[in-house]
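**Q** The file below is target.cif, mmCIF, C-alpha atoms and all ligand atoms:
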```
data_structure
#
loop_
_atom_site.label_atom_id
_atom_site.label_comp_id
_atom_site.auth_asym_id
_atom_site.auth_seq_id
_atom_site.Cartn_x
_atom_site.Cartn_y
_atom_site.Cartn_z
CA PRO A 352 66.42 -24.64 -4.31
CA ALA A 353 69.05 -23.74 -6.93
CA PRO A 354 67.57 -23.53 -10.45
CA MET A 355 68.17 -26.53 -12.76
CA ILE A 356 69.10 -24.31 -15.70
CA VAL A 357 70.30 -20.71 -15.77
CA GLU A 358 70.06 -19.08 -19.17
CA ASP A 359 71.57 -15.59 -19.28
CA TRP A 360 71.21 -13.57 -22.47
CA ASP A 361 73.04 -10.56 -21.05
CA ARG A 362 76.17 -12.55 -20.30
CA LEU A 363 75.52 -15.16 -23.04
CA THR A 364 75.85 -18.09 -20.70
CA PHE A 365 73.85 -21.29 -20.30
CA ARG A 366 74.45 -23.44 -17.22
CA VAL A 367 72.99 -26.78 -16.15
CA ASN A 368 72.78 -27.81 -12.51
CA ARG A 369 74.72 -31.07 -12.08
CA GLU A 370 72.03 -32.49 -9.82
CA ALA A 371 70.24 -33.20 -13.09
CA TYR A 372 72.75 -36.00 -13.72
CA ARG A 373 72.93 -37.58 -10.30
CA SER A 374 69.83 -36.85 -8.21
CA ALA A 375 67.61 -39.82 -7.41
CA GLU A 376 64.67 -37.44 -7.14
CA ILE A 377 65.21 -36.11 -10.65
CA PHE A 378 65.58 -39.65 -11.93
CA THR A 379 62.23 -40.62 -10.41
CA ARG A 380 60.66 -37.50 -11.93
CA GLU A 381 62.02 -38.44 -15.34
CA ARG A 382 60.47 -41.91 -15.07
CA GLY A 383 57.15 -40.45 -14.00
CA TRP A 384 57.06 -37.57 -16.48
CA VAL A 385 59.33 -37.99 -19.49
CA TRP A 386 59.05 -41.78 -19.71
CA THR A 387 55.30 -41.64 -19.15
CA HIS A 388 53.96 -38.61 -21.01
CA THR A 389 56.28 -38.56 -24.06
CA TRP A 390 56.45 -40.80 -27.11
CA LEU A 391 59.25 -43.35 -26.65
CA TYR A 392 61.08 -45.27 -29.33
CA LEU A 393 60.29 -48.96 -28.83
CA GLY A 394 61.87 -50.70 -31.81
CA HIS A 395 61.86 -51.04 -35.57
CA GLU A 396 59.08 -52.89 -37.31
CA THR A 397 61.61 -54.97 -39.25
CA GLU A 398 62.93 -56.45 -36.00
CA ILE A 399 59.75 -58.55 -35.97
CA PRO A 400 59.25 -59.09 -39.72
CA ASN A 401 56.99 -62.17 -39.64
CA PRO A 402 53.65 -62.98 -38.00
CA ASN A 403 54.19 -64.43 -34.49
CA ASP A 404 57.66 -62.81 -34.08
CA PHE A 405 58.34 -61.23 -30.71
CA LYS A 406 61.06 -59.47 -28.72
CA VAL A 407 61.04 -58.37 -25.13
CA ARG A 408 62.28 -54.89 -24.30
CA THR A 409 62.36 -52.62 -21.26
CA LEU A 410 61.38 -48.95 -21.60
CA GLY A 411 61.74 -46.65 -18.62
CA GLY A 412 62.04 -49.74 -16.42
CA ARG A 413 58.77 -51.24 -17.73
CA PRO A 414 59.13 -54.74 -19.20
CA LEU A 415 57.31 -55.02 -22.54
CA ILE A 416 56.55 -57.55 -25.24
CA PHE A 417 57.05 -56.13 -28.72
CA CYS A 418 55.32 -58.54 -31.09
CA ARG A 419 53.50 -59.12 -34.34
CA ASP A 420 50.33 -61.14 -34.01
CA THR A 421 49.24 -64.01 -36.24
CA ALA A 422 47.30 -61.58 -38.43
CA GLY A 423 50.41 -59.37 -38.87
CA GLU A 424 49.54 -56.47 -36.58
CA VAL A 425 52.24 -54.92 -34.36
CA HIS A 426 51.62 -54.71 -30.59
CA ALA A 427 53.34 -53.55 -27.43
CA PHE A 428 52.04 -55.35 -24.35
CA LEU A 429 53.07 -54.93 -20.75
CA ASN A 430 55.16 -58.02 -20.04
CA SER A 431 53.25 -58.69 -16.86
CA CYS A 432 50.61 -61.34 -16.36
CA PRO A 433 47.17 -59.77 -15.78
CA HIS A 434 46.55 -62.47 -13.14
CA ARG A 435 49.11 -61.54 -10.49
CA GLY A 436 51.75 -59.63 -12.33
CA THR A 437 54.44 -62.22 -13.09
CA VAL A 438 56.78 -61.52 -16.00
CA LEU A 439 54.90 -63.36 -18.70
CA CYS A 440 57.44 -63.86 -21.48
CA ARG A 441 60.82 -64.95 -20.18
CA GLU A 442 62.56 -65.40 -23.52
CA ASN A 443 64.37 -62.49 -25.18
CA GLU A 444 62.99 -63.16 -28.62
CA GLY A 445 61.37 -65.81 -30.75
CA SER A 446 58.19 -66.77 -32.54
CA THR A 447 54.99 -67.89 -30.84
CA ARG A 448 51.21 -67.80 -31.17
CA LEU A 449 50.70 -68.11 -27.43
CA PHE A 450 52.32 -66.72 -24.31
CA GLN A 451 51.88 -68.92 -21.26
CA CYS A 452 52.58 -67.70 -17.75
CA PHE A 453 54.71 -70.18 -15.80
CA TYR A 454 53.10 -69.33 -12.45
CA HIS A 455 49.47 -70.53 -12.87
CA ALA A 456 49.58 -71.29 -16.59
CA TRP A 457 47.18 -68.66 -17.88
CA THR A 458 47.63 -68.53 -21.66
CA PHE A 459 47.30 -65.54 -24.00
CA ARG A 460 47.14 -65.19 -27.78
CA ASN A 461 49.68 -62.89 -29.42
CA ASN A 462 46.90 -60.35 -30.12
CA GLY A 463 46.44 -60.06 -26.34
CA ASP A 464 43.29 -62.18 -25.91
CA LEU A 465 43.16 -64.49 -22.94
CA ALA A 466 43.05 -67.96 -24.51
CA ALA A 467 42.78 -70.30 -21.54
CA ILE A 468 42.73 -70.47 -17.74
CA PRO A 469 43.25 -73.76 -15.92
CA ASP A 470 40.04 -74.66 -14.07
CA ALA A 471 38.16 -71.84 -15.77
CA ASP A 472 34.85 -72.96 -14.26
CA ALA A 473 36.13 -71.99 -10.85
CA TYR A 474 35.51 -68.38 -11.97
CA GLU A 475 32.04 -66.82 -12.10
CA SER A 476 30.75 -65.59 -15.49
CA THR A 477 33.72 -67.03 -17.31
CA ASP A 478 33.30 -65.25 -20.66
CA GLU A 479 33.02 -61.79 -19.22
CA PHE A 480 35.88 -62.51 -16.85
CA LYS A 481 38.08 -63.75 -19.67
CA ALA A 482 37.28 -60.72 -21.77
CA SER A 483 38.51 -58.44 -18.98
CA MET A 484 41.74 -60.31 -18.38
CA GLY A 485 43.57 -59.96 -21.69
CA LEU A 486 47.12 -58.67 -21.99
CA ARG A 487 47.43 -54.96 -21.25
CA GLY A 488 48.60 -53.01 -24.27
CA VAL A 489 50.66 -49.84 -23.94
CA PRO A 490 48.00 -47.10 -24.29
CA ARG A 491 49.40 -45.63 -27.53
CA LEU A 492 51.39 -47.13 -30.39
CA GLU A 493 52.17 -45.37 -33.67
CA ILE A 494 54.61 -46.20 -36.43
CA HIS A 495 56.50 -43.74 -38.59
CA GLU A 496 58.53 -45.17 -41.50
CA GLY A 497 58.99 -48.44 -39.62
CA TYR A 498 60.03 -46.79 -36.32
CA VAL A 499 57.61 -47.99 -33.66
CA PHE A 500 56.86 -45.52 -30.85
CA VAL A 501 54.73 -46.04 -27.77
CA ALA A 502 53.36 -43.78 -25.04
CA PHE A 503 52.08 -44.73 -21.61
CA ASP A 504 49.78 -41.71 -21.56
CA PRO A 505 46.69 -42.13 -23.79
CA ASP A 506 46.42 -38.35 -24.21
CA VAL A 507 49.77 -37.56 -25.81
CA PRO A 508 49.44 -35.62 -29.10
CA PRO A 509 49.82 -37.61 -32.36
CA LEU A 510 53.32 -39.00 -32.96
CA LEU A 511 53.94 -36.81 -36.03
CA GLU A 512 53.27 -33.73 -33.96
CA HIS A 513 55.90 -34.82 -31.45
CA LEU A 514 58.43 -35.75 -34.16
CA GLY A 515 58.04 -32.41 -35.96
CA ASP A 516 61.03 -31.78 -38.23
CA ALA A 517 62.63 -35.07 -37.18
CA ALA A 518 59.85 -36.97 -39.00
CA ASP A 519 60.85 -35.83 -42.43
CA TYR A 520 64.45 -36.69 -41.79
CA MET A 521 63.41 -40.24 -40.88
CA THR A 522 61.44 -40.39 -44.13
CA MET A 523 64.57 -39.36 -45.99
CA ILE A 524 66.48 -42.25 -44.44
CA GLU A 525 63.73 -44.69 -45.38
CA GLN A 526 63.48 -43.43 -48.96
CA GLN A 527 67.17 -43.35 -49.76
CA HIS A 528 67.06 -46.83 -51.28
CA VAL A 529 64.37 -47.95 -53.69
CA GLY A 530 63.46 -51.07 -51.70
CA GLY A 531 63.48 -49.30 -48.33
CA MET A 532 65.48 -50.17 -45.25
CA THR A 533 65.54 -53.03 -42.78
CA THR A 534 67.29 -53.78 -39.51
CA LEU A 535 69.82 -56.61 -39.38
CA PRO A 536 69.19 -59.36 -36.82
CA GLY A 537 71.25 -58.93 -33.67
CA THR A 538 71.45 -56.22 -31.04
CA GLN A 539 74.55 -54.59 -29.63
CA GLN A 540 73.92 -53.90 -26.00
CA TYR A 541 76.11 -52.32 -23.37
CA SER A 542 75.79 -50.62 -20.05
CA VAL A 543 77.39 -47.28 -19.22
CA ARG A 544 78.09 -45.83 -15.77
CA GLY A 545 76.67 -42.46 -16.64
CA ASN A 546 73.39 -40.54 -16.76
CA TRP A 547 71.38 -40.95 -20.00
CA LYS A 548 71.50 -37.19 -20.69
CA LEU A 549 75.29 -37.35 -20.97
CA ALA A 550 74.81 -39.69 -23.93
CA VAL A 551 72.39 -37.22 -25.49
CA GLU A 552 74.79 -34.31 -25.00
CA ASN A 553 77.68 -36.30 -26.41
CA ALA A 554 75.74 -37.16 -29.58
CA MET A 555 74.87 -33.47 -30.13
CA ASP A 556 78.44 -32.35 -29.42
CA GLY A 557 80.83 -31.76 -32.31
CA TYR A 558 83.12 -29.86 -29.93
CA HIS A 559 84.50 -33.03 -28.36
CA PHE A 560 85.34 -34.71 -31.64
CA ALA A 561 88.93 -33.57 -32.13
CA PRO A 562 90.18 -33.86 -28.53
CA THR A 563 88.23 -36.94 -27.41
CA HIS A 564 88.70 -38.95 -30.59
CA ASN A 565 92.30 -37.88 -31.05
CA THR A 566 93.46 -41.35 -32.09
CA PHE A 567 91.01 -41.31 -34.97
CA VAL A 568 91.75 -37.68 -35.78
CA GLY A 569 95.48 -38.48 -35.81
CA TYR A 570 94.84 -41.27 -38.28
CA LEU A 571 92.93 -38.86 -40.51
CA ARG A 572 95.62 -36.21 -40.24
CA GLU A 573 98.34 -38.65 -41.17
CA SER A 574 96.22 -39.55 -44.17
CA GLY A 575 96.22 -35.91 -45.25
CA PHE A 576 92.72 -34.95 -44.11
CA ALA A 577 92.26 -31.78 -42.06
CA VAL A 578 89.50 -31.92 -39.45
CA THR A 579 87.57 -28.64 -39.22
CA ASP A 580 84.04 -27.58 -38.37
CA ASP A 581 83.61 -25.78 -41.71
CA ASN A 582 80.27 -26.75 -43.21
CA GLN A 583 79.29 -28.72 -40.13
CA TYR A 584 76.17 -27.61 -38.35
CA ALA A 585 74.07 -28.33 -35.30
CA TYR A 586 70.33 -27.79 -35.60
CA ASN A 587 67.88 -27.44 -32.77
CA LEU A 588 64.80 -29.12 -34.28
CA GLY A 589 62.44 -28.19 -31.45
CA ASN A 590 60.60 -30.53 -29.03
CA GLY A 591 64.01 -31.50 -27.65
CA HIS A 592 65.17 -33.07 -30.94
CA GLY A 593 68.52 -32.17 -32.49
CA LEU A 594 70.49 -32.77 -35.67
CA LEU A 595 74.21 -32.64 -36.37
CA VAL A 596 75.13 -32.36 -40.03
CA LEU A 597 78.61 -33.01 -41.38
CA THR A 598 78.88 -32.03 -45.02
CA GLY A 599 81.41 -32.22 -47.79
CA HIS A 600 82.67 -35.72 -47.25
CA GLY A 601 79.50 -37.78 -47.26
CA GLY A 602 78.68 -41.15 -48.58
CA ARG A 603 76.07 -43.04 -46.69
CA ILE A 604 78.12 -46.14 -46.02
CA SER A 605 81.43 -44.54 -45.27
CA MET A 606 83.05 -41.19 -45.14
CA LEU A 607 84.52 -40.95 -48.58
CA TRP A 608 87.54 -38.97 -47.44
CA GLU A 609 88.77 -41.85 -45.40
CA PRO A 610 91.76 -43.41 -47.07
CA ARG A 611 90.56 -46.96 -46.46
CA PHE A 612 87.66 -46.41 -48.87
CA GLY A 613 88.69 -46.45 -52.45
CA GLU A 614 87.42 -45.69 -55.89
CA ASP A 615 84.65 -48.34 -55.82
CA GLU A 616 82.91 -46.56 -53.00
CA ARG A 617 83.17 -43.21 -54.78
CA VAL A 618 81.65 -44.71 -57.93
CA ARG A 619 78.87 -46.38 -55.95
CA THR A 620 77.99 -43.13 -54.22
CA GLU A 621 77.83 -41.24 -57.52
CA GLN A 622 75.55 -43.87 -59.03
CA HIS A 623 73.37 -43.72 -55.95
CA ARG A 624 73.26 -39.93 -56.17
CA ALA A 625 72.15 -40.05 -59.83
CA GLU A 626 69.39 -42.53 -59.01
CA MET A 627 68.21 -40.49 -56.02
CA THR A 628 68.27 -37.20 -57.94
CA GLU A 629 65.82 -38.69 -60.42
CA ARG A 630 63.59 -40.20 -57.78
CA LEU A 631 63.70 -37.70 -54.90
CA GLY A 632 65.11 -34.48 -56.34
CA GLU A 633 68.49 -32.82 -56.10
CA LYS A 634 68.28 -31.57 -52.54
CA ARG A 635 67.45 -34.95 -51.03
CA ALA A 636 70.09 -36.63 -53.15
CA HIS A 637 72.61 -34.09 -51.89
CA TYR A 638 71.63 -34.68 -48.26
CA VAL A 639 72.10 -38.40 -48.62
CA ALA A 640 75.16 -38.50 -50.88
CA ASP A 641 77.20 -35.64 -49.41
CA GLU A 642 76.32 -35.53 -45.74
CA SER A 643 76.58 -37.52 -42.56
CA HIS A 644 74.06 -36.91 -39.80
CA ILE A 645 73.40 -37.61 -36.19
CA LEU A 646 69.73 -37.25 -35.30
CA PHE A 647 68.43 -37.24 -31.75
CA VAL A 648 64.71 -37.81 -31.19
CA PHE A 649 63.68 -36.85 -27.67
CA PRO A 650 64.08 -38.67 -25.33
CA ASN A 651 65.56 -42.05 -26.24
CA LEU A 652 66.36 -42.46 -29.95
CA LEU A 653 69.58 -41.67 -31.79
CA LEU A 654 70.18 -42.28 -35.49
CA PHE A 655 73.79 -42.20 -36.63
CA ASP A 656 74.22 -42.19 -40.36
CA ILE A 657 77.89 -41.71 -40.04
CA GLU A 658 79.84 -44.76 -41.19
CA GLY A 659 76.81 -47.01 -41.65
CA LEU A 660 73.39 -46.34 -40.19
CA SER A 661 72.91 -47.20 -36.55
CA ILE A 662 69.78 -46.94 -34.45
CA ARG A 663 70.56 -46.41 -30.78
CA GLN A 664 68.12 -46.53 -27.92
CA LEU A 665 68.85 -45.15 -24.45
CA GLU A 666 67.36 -46.83 -21.40
CA PRO A 667 67.99 -45.04 -18.10
CA VAL A 668 68.55 -47.63 -15.38
CA ALA A 669 69.68 -45.39 -12.50
CA PRO A 670 70.83 -41.77 -12.21
CA ASP A 671 74.35 -42.94 -13.00
CA GLN A 672 73.61 -45.91 -15.25
CA THR A 673 72.29 -46.21 -18.79
CA ASP A 674 71.75 -49.23 -21.01
CA VAL A 675 72.44 -48.62 -24.68
CA ARG A 676 71.02 -50.86 -27.40
CA ALA A 677 72.01 -50.54 -31.03
CA TRP A 678 70.84 -52.00 -34.31
CA GLN A 679 72.02 -51.60 -37.87
CA LEU A 680 69.68 -50.29 -40.51
CA VAL A 681 70.60 -51.38 -44.04
CA PRO A 682 69.07 -51.19 -47.54
CA ARG A 683 66.96 -54.30 -48.12
CA ASP A 684 68.51 -55.17 -51.45
CA GLU A 685 72.09 -54.02 -50.97
CA ASP A 686 74.79 -55.69 -53.03
CA PRO A 687 77.05 -57.97 -50.98
CA ALA A 688 80.23 -55.93 -51.49
CA ALA A 689 78.54 -52.77 -50.24
CA ARG A 690 77.04 -54.65 -47.29
CA ALA A 691 80.42 -56.05 -46.32
CA LEU A 692 82.00 -52.60 -46.43
CA ARG A 693 79.12 -51.18 -44.41
CA MET A 694 79.49 -53.77 -41.67
CA LYS A 695 83.22 -53.24 -41.52
CA THR A 696 82.80 -49.50 -41.04
CA VAL A 697 80.08 -49.94 -38.44
CA VAL A 698 82.11 -52.36 -36.36
CA SER A 699 85.26 -50.31 -36.60
CA PHE A 700 83.69 -46.92 -35.85
CA VAL A 701 80.33 -46.68 -34.02
CA GLY A 702 80.27 -50.26 -32.71
CA PRO A 703 80.91 -50.71 -28.96
CA GLY A 704 84.50 -51.73 -29.72
CA GLY A 705 85.03 -49.27 -32.58
CA LEU A 706 87.25 -46.22 -32.93
CA ALA A 707 84.60 -43.77 -31.69
CA THR A 708 82.26 -45.37 -29.14
CA PRO A 709 84.69 -46.42 -26.39
CA ASP A 710 86.07 -42.86 -26.32
CA ASP A 711 82.55 -41.51 -25.90
CA ILE A 712 81.68 -43.99 -23.16
CA GLU A 713 84.82 -42.93 -21.31
CA ALA A 714 83.58 -39.34 -21.62
CA TYR A 715 80.14 -40.12 -20.09
CA GLU A 716 81.69 -42.08 -17.27
CA ALA A 717 84.42 -39.51 -16.55
CA VAL A 718 81.81 -36.73 -16.34
CA GLN A 719 79.67 -38.82 -14.00
CA ARG A 720 82.66 -39.41 -11.69
CA GLY A 721 84.01 -35.88 -12.01
CA ILE A 722 80.80 -34.08 -11.07
CA GLN A 723 80.95 -35.70 -7.64
CA ALA A 724 83.68 -33.16 -6.91
CA THR A 725 81.25 -30.25 -6.84
CA ALA A 726 78.30 -32.04 -5.23
CA GLY A 727 76.96 -30.45 -2.06
CA THR A 728 79.81 -27.99 -1.55
CA ALA A 729 79.22 -24.76 0.34
CA VAL A 730 79.48 -22.88 -2.98
CA PRO A 731 76.45 -24.00 -5.00
CA GLU A 732 77.45 -21.88 -8.05
CA LEU A 733 80.31 -24.34 -8.61
CA ASP A 734 77.88 -27.15 -9.21
CA TYR A 735 76.91 -26.16 -12.77
CA SER A 736 78.12 -27.33 -16.18
CA ASP A 737 78.51 -24.82 -18.99
CA MET A 738 76.86 -25.07 -22.42
CA SER A 739 77.31 -21.49 -23.65
CA ARG A 740 79.29 -22.12 -26.79
CA GLY A 741 77.71 -20.41 -29.81
CA MET A 742 75.09 -18.37 -27.94
CA ALA A 743 76.26 -15.18 -29.67
CA ASP A 744 75.36 -16.76 -33.02
CA GLU A 745 71.95 -17.69 -31.64
CA VAL A 746 71.32 -14.03 -30.88
CA LYS A 747 72.36 -13.05 -34.41
CA GLY A 748 70.25 -15.83 -35.90
CA VAL A 749 73.33 -17.42 -37.48
CA GLN A 750 73.15 -21.19 -37.88
CA GLY A 751 75.31 -22.82 -35.21
CA ARG A 752 78.38 -24.89 -36.05
CA SER A 753 78.52 -28.55 -35.06
CA THR A 754 81.03 -27.49 -32.39
CA ASP A 755 78.45 -25.17 -30.82
CA GLU A 756 76.17 -26.27 -28.03
CA GLY A 757 72.89 -24.96 -29.45
CA ALA A 758 71.35 -28.39 -30.09
CA MET A 759 72.18 -29.33 -26.50
CA ARG A 760 70.54 -26.17 -25.20
CA GLY A 761 67.42 -27.03 -27.20
CA PHE A 762 67.39 -30.44 -25.55
CA TRP A 763 67.73 -29.01 -22.06
CA ARG A 764 65.03 -26.36 -22.52
CA HIS A 765 62.61 -29.06 -23.62
CA TRP A 766 63.72 -31.37 -20.82
CA ILE A 767 62.67 -28.79 -18.23
CA ASP A 768 59.12 -28.86 -19.64
CA ALA A 769 59.04 -32.61 -20.11
CA VAL A 770 60.16 -33.27 -16.56
CA GLY A 771 57.52 -30.89 -15.18
CA LEU A 772 59.94 -28.51 -13.47
CA ASP A 773 58.10 -25.35 -14.43
CA ASP A 774 60.24 -23.18 -12.18
CA GLY A 775 63.48 -25.03 -13.00
CA LEU A 776 64.56 -22.64 -15.75
CA GLN A 777 65.83 -19.19 -14.87
CA VAL A 778 66.10 -16.83 -17.84
CA HIS A 779 67.93 -13.51 -17.62
CA GLY A 780 67.70 -10.96 -20.42
CA GLU A 781 65.78 -11.29 -23.65
CA ARG A 782 65.72 -14.67 -25.35
CA PRO A 783 65.93 -14.43 -29.16
CA ALA A 784 63.50 -16.45 -31.26
CA SER A 785 66.24 -17.56 -33.65
CA PHE A 786 67.24 -20.73 -31.80
CA LEU A 787 64.19 -22.57 -33.13
CA ALA A 788 65.27 -22.16 -36.74
CA GLY A 789 65.13 -25.86 -37.64
CA ARG A 790 66.10 -26.92 -41.13
CA ASP A 791 64.30 -27.03 -44.44
CA MET A 792 64.49 -30.66 -45.47
CA ARG A 793 62.50 -30.40 -48.69
FE1 LIG B 1 50.34 -65.48 -14.32
FE2 LIG B 1 49.07 -66.44 -12.23
S1 LIG B 1 50.49 -64.82 -12.32
S2 LIG B 1 48.99 -67.14 -14.24
FE FE B 2 82.14 -38.94 -29.96
#
```
Translate the structure described by the file into structure tokens.
Ligand code: FES
Ligand code: FE
**A**
Amino acid sequence: PAPMIVEDWDRLTFRVNREAYRSAEIFTRERGWVWTHTWLYLGHETEIPNPNDFKVRTLGGRPLIFCRDTAGEVHAFLNSCPHRGTVLCRENEGSTRLFQCFYHAWTFRNNGDLAAIPDADAYESTDEFKASMGLRGVPRLEIHEGYVFVAFDPDVPPLLEHLGDAADYMTMIEQQHVGGMTTLPGTQQYSVRGNWKLAVENAMDGYHFAPTHNTFVGYLRESGFAVTDDNQYAYNLGNGHGLLVLTGHGGRISMLWEPRFGEDERVRTEQHRAEMTERLGEKRAHYVADESHILFVFPNLLLFDIEGLSIRQLEPVAPDQTDVRAWQLVPRDEDPAARALRMKTVVSFVGPGGLATPDDIEAYEAVQRGIQATAGTAVPELDYSDMSRGMADEVKGVQGRSTDEGAMRGFWRHWIDAVGLDDGLQVHGERPASFLAGRDMR
């Protein structure tokens, strides 16, 4: 079979087989490998702030209950009755001490214990039986800075090992305000007719910004702001994670260069910078006050701190369909004027009806339709997408621009491992070590 990825260091090209976006076989492999043996982002702890809170969520097609028990501990249970498998919780969210199955009315506590079975004495050795029929927890659950991750394989390495350099970046987000961060109630959810990896590529792709978002870019230009990739970088963080950094116009809530944000926002950012410099040091303060970032954590979490701070989760539904869920992360004790500005920028930019997101969705969907043109032709070489931009800099060890495709290449190289296609990567020539440079966050 044709290789999934062809990496050629003599010609400086990197090509991805388009079957990766549309093959049912690959999709099944991803479910069985990536969505089973990798840490997955489940949700944020602050989505279930109080004892007895719960939400239901689907990860890799598996229905789950994400809840906090009466004692305050966070759990992820399979949302499937241990009796005969019925979906146990049929509400999206709420607060409860008990989950009762509608089919035969078995009842479970929110710590997973089986509380009651109708006609329990019809079962032999009732106590032992009950003890074996509690809710099934996802084998692993770990929390980093409020981000709750789960894994369906008990033997995955510790979460922090998987997160690597991404972990510290998440800490930076959490620490940027004295009282920490919290999610706002409410989820934005939409479905896209495109493969989940197209959403990953798009998030790690500064190259598309000017042409795809030309309405927004036109608005900036008319306002006297020149869009360039100067001081904008893409980092391959390893383990499939990536980071895009846009510097020189930061401001956590908004991009300060935008004409719609006035003096107040500038003053607020400077005050915030002074406070952070004292508390976290100059470098951190600079990262928060002067930069915008897009962080991708392999395989299903995106953090956009570009015009607000959005958490996005990708849920692959079919080779050509992805559900996207988004939440807003905000400082706990933000002043109302800043909060109002934040929400305005979120809705008008990264929200599903904003200036940026509909353009991006059109891009995923147009790729998914367009790649049908080269499927199964008699010339298999045609059926590859190109991600070569910036490879020459990788060889020289120069940090890639945000318009380069180095972060994407890092994602794809890790994907090959994660999906268990050991022979899926064909490398020609000598691969330089420089592409795993990462970034010093301290
Ligand atoms: Fe849930 Fe029978 S399937 S009680
Ligand atoms: Fe975009």
**Q** Hey, which residues sit close to ligand FE 2 (chain B)? Say within 8 Å, counting all atoms listed in the file, and write them as an MDAnalysis selection string.
**A** chainID A and resid 553:554 556:557 559:560 563:564 707:708 710:711
**Q** Would you kindly identify which residues have an atom no farther than 8 Å from (70.8, -15.5, -12.6), using all atoms listed in the file and the file's own coordinates, and write them out as a PyMOL selection string?
**A** chain A and resi 357-359+777-779
**Q** Go through the chains and note each residue within 6 Å of ligand LIG 1 (chain B), using only C-alpha atoms and all ligand atoms, then give the set as a PyMOL selection string.
**A** chain A and resi 432+434-437+452+454-457
**Q** So that I can see what lies close to Leu776 of chain A, please list as a ChimeraX atom specification the residues with an atom at most 9 Å from it, counting all atoms listed in the file and leaving out residues fewer than 2 positions away in the same chain.
**A** /A:354-358,764,767,772-774,778
**Q** In terms of the shortest atom-to-atom distance over only C-alpha atoms, which of A:Leu654, A:Ala585, A:Val529, A:Leu391 is closest to Gln750 of chain A?
**A** A:Ala585
**Q** What's the separation between atom CA of Val501 of chain A and atom CA of Phe762 of chain A, in Å to one decimal place?
**A**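 Between atom CA of Val501 of chain A and atom CA of Phe762 of chain A the gap is 20.2 Å.
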**Q** For a test of reading the model, state the distance in Å between atom CA of Asn368 of chain A and atom CA of Gly593 of chain A, rounded to one decimal.
**A**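 Straight-line distance from atom CA of Asn368 of chain A to atom CA of Gly593 of chain A works out to 20.9 Å.
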**Q** Got a sec: who's within 9 Å of Asn590 of chain A, counting all atoms listed in the file, leaving out chain neighbours fewer than 4 positions off, as a list in words?
**A**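 That gives His513, Leu514, Gly515, Val648, Phe649, Gly761, Phe762, Arg764, His765 and Trp766 of chain A.
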**Q** Between atom CA of Leu415 of chain A and atom CA of Arg676 of chain A, what is the distance in Å, rounded to a tenth?
**A**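 Pair atom CA of Leu415 of chain A / atom CA of Arg676 of chain A returns 15.1 Å.
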**Q** Can you tell me, as a ChimeraX atom specification, what residues are no more than 6 Å from Asp671 of chain A when counting all atoms listed in the file, ignoring any on the same chain fewer than 6 positions away?
**A** /A:544-546
**Q** Between A:Lys406, A:Arg752, A:Arg369, A:Arg690, single out the one closest to Thr579 of chain A, counting only C-alpha atoms.
**A** A:Arg752
**Q** Residues within 8 Å of Gly497 of chain A, please, as a list in words. Count all atoms listed in the file; anything in the same chain fewer than 3 positions from it doesn't count.
**A**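 Everything that qualifies: His395, Glu396, Thr397 and Ile494 of chain A.
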**Q** Could you give me, as a count of residues only, the residues that sit within 7 Å of (64.8, -41.2, -13.9) in the file's coordinates, counting all atoms listed in the file?
**A** 9
